[in-house]
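Right, one structure below, let's go through it.
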Amino acid sequence: MPYKSLKTIPIYKEALDLCRISRELVSYVTYNKDLLKLYQSNSLRDSIADSLLTDAILIPQKIVQAEWSESHSVRLKSASFIYIMTRNILSYCNGLEKDGVKEKEYLNLVRNEIKSFRKSFKAWRRSFRSNEDDPIWG
């Protein structure tokens, strides 16, 4: 497979944008401002924020894995993983809201970024379908 520059993959740029916005949200809403130690906190909010940030960071990594793999199976598994992570991020936003985050406009920024990302994600996912019947995406 020829080398692909990540700069030429629009979904990768969008994933980085989602990651940046998620990091900014998390740094704003958490009690523990050391984002690398959120997992050590006993706060529910910090736990949710840590999970949100972890999934947001994993999305671009899975895009790279899919783009550089020659295996159709690996690409589909990466896409499935990304789909689950975007769904999780929306759930984490709901969890933060239920935990008392008052700044709903910040949560809505992340939700809107996910919505935009998902549109591009669907097109990207279709781009590597094989001619075979696809058991995961139908």
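Naming scheme: A, B, ... for chains in displayed order of the structure tokens; residues 1 onward per chain; ligands 1 onward as shown.
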
>> DSSP on the backbone: which residues in stretch 82-130 of chain A end up as alpha helix (DSSP H)? Give the answer as a PyMOL selection string.
In response: chain A and resi 82-98+104-126

>> Using only C-alpha atoms, which protein or nucleic acid residues come within 8 Å of A:Phe117? Drop anything in the same chain fewer than 2 positions from it, and give the result as an NGL selection string.
In response: :A and (11 or 14-15 or 18 or 113-115 or 119-121)

Write to file, as a PDB file, in the first residue's frame, the residues of the selection just made, with N, CA and C atoms.
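Output (selection_32.pdb):
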ATOM      1  N   ILE A  11     -10.832  13.074   7.481  1.00  0.00           N
ATOM      2  CA  ILE A  11     -11.390  12.513   8.713  1.00  0.00           C
ATOM      3  C   ILE A  11     -10.362  12.569   9.845  1.00  0.00           C
ATOM      4  N   GLU A  14     -10.424  16.063  11.275  1.00  0.00           N
ATOM      5  CA  GLU A  14     -11.627  16.216  12.095  1.00  0.00           C
ATOM      6  C   GLU A  14     -11.483  15.488  13.428  1.00  0.00           C
ATOM      7  N   ALA A  15     -10.833  14.337  13.412  1.00  0.00           N
ATOM      8  CA  ALA A  15     -10.607  13.598  14.658  1.00  0.00           C
ATOM      9  C   ALA A  15      -9.696  14.388  15.592  1.00  0.00           C
ATOM     10  N   LEU A  18     -11.784  17.113  17.139  1.00  0.00           N
ATOM     11  CA  LEU A  18     -12.611  16.536  18.200  1.00  0.00           C
ATOM     12  C   LEU A  18     -11.767  16.310  19.455  1.00  0.00           C
ATOM     13  N   GLU A 113     -19.530  18.676  17.381  1.00  0.00           N
ATOM     14  CA  GLU A 113     -18.322  18.174  16.733  1.00  0.00           C
ATOM     15  C   GLU A 113     -18.471  16.686  16.403  1.00  0.00           C
ATOM     16  N   ILE A 114     -19.082  15.937  17.308  1.00  0.00           N
ATOM     17  CA  ILE A 114     -19.349  14.509  17.049  1.00  0.00           C
ATOM     18  C   ILE A 114     -20.301  14.366  15.868  1.00  0.00           C
ATOM     19  N   LYS A 115     -21.329  15.182  15.836  1.00  0.00           N
ATOM     20  CA  LYS A 115     -22.302  15.123  14.736  1.00  0.00           C
ATOM     21  C   LYS A 115     -21.617  15.372  13.394  1.00  0.00           C
ATOM     22  N   LYS A 119     -20.716  12.475  10.146  1.00  0.00           N
ATOM     23  CA  LYS A 119     -21.042  12.605   8.712  1.00  0.00           C
ATOM     24  C   LYS A 119     -19.833  12.241   7.865  1.00  0.00           C
ATOM     25  N   SER A 120     -18.695  12.776   8.219  1.00  0.00           N
ATOM     26  CA  SER A 120     -17.468  12.456   7.490  1.00  0.00           C
ATOM     27  C   SER A 120     -17.072  10.997   7.699  1.00  0.00           C
ATOM     28  N   PHE A 121     -17.289  10.513   8.897  1.00  0.00           N
ATOM     29  CA  PHE A 121     -16.947   9.132   9.227  1.00  0.00           C
ATOM     30  C   PHE A 121     -17.702   8.150   8.336  1.00  0.00           C
TER      31      PHE A 121
END

> Do you know which residues are at most 9 Å from A:Ser51 counting only C-alpha atoms, after dropping those on the same chain fewer than 5 positions away, and could you put them as an MDAnalysis selection string?
Replying inline: chainID A and resid 39 46 56 88:89 92

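A straight line drawn from atom CA of A:Gln65 to atom CA of A:Leu53 is 19.0 Å long.
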
> Pick from A:Ala123, A:Asn94, A:Leu109, A:Thr8: nearest to A:Arg20, with only C-alpha atoms counted?
Replying inline: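 Going through A:Ala123, A:Asn94, A:Leu109, A:Thr8 one by one, the smallest distance to A:Arg20 is for A:Leu109.
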
> Which one of A:Cys93, A:Ile57, A:Ala79, A:Ala49 sits closest to A:Asn112 if you count only C-alpha atoms?
Replying inline: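 Residue with the minimum atom-to-atom distance to A:Asn112: A:Cys93.
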
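Nearest to A:Ser116 of all the residues A:Leu76, A:Val64, A:Glu103, A:Thr86 is A:Thr86, counting only C-alpha atoms.
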
>> To one decimal place in Å, what is the distance between atom CA of A:Leu96 and atom CA of A:Arg118?
In response: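 Distance between the two atoms: 21.1 Å.
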
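When only C-alpha atoms are used to compute distances to A:Leu44, the closest of the residues A:Leu90, A:Val101, A:Cys19, A:Leu58 turns out to be A:Val101.
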
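In this comparison, which uses only C-alpha atoms, the residue of A:Gly100, A:Val110, A:Ser91, A:Ile59 approaching A:Arg23 most closely is A:Val110.
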
> atom CA of A:Gly95 and atom CA of A:Tyr28 are how many Å apart?
Replying inline: 15.3 Å
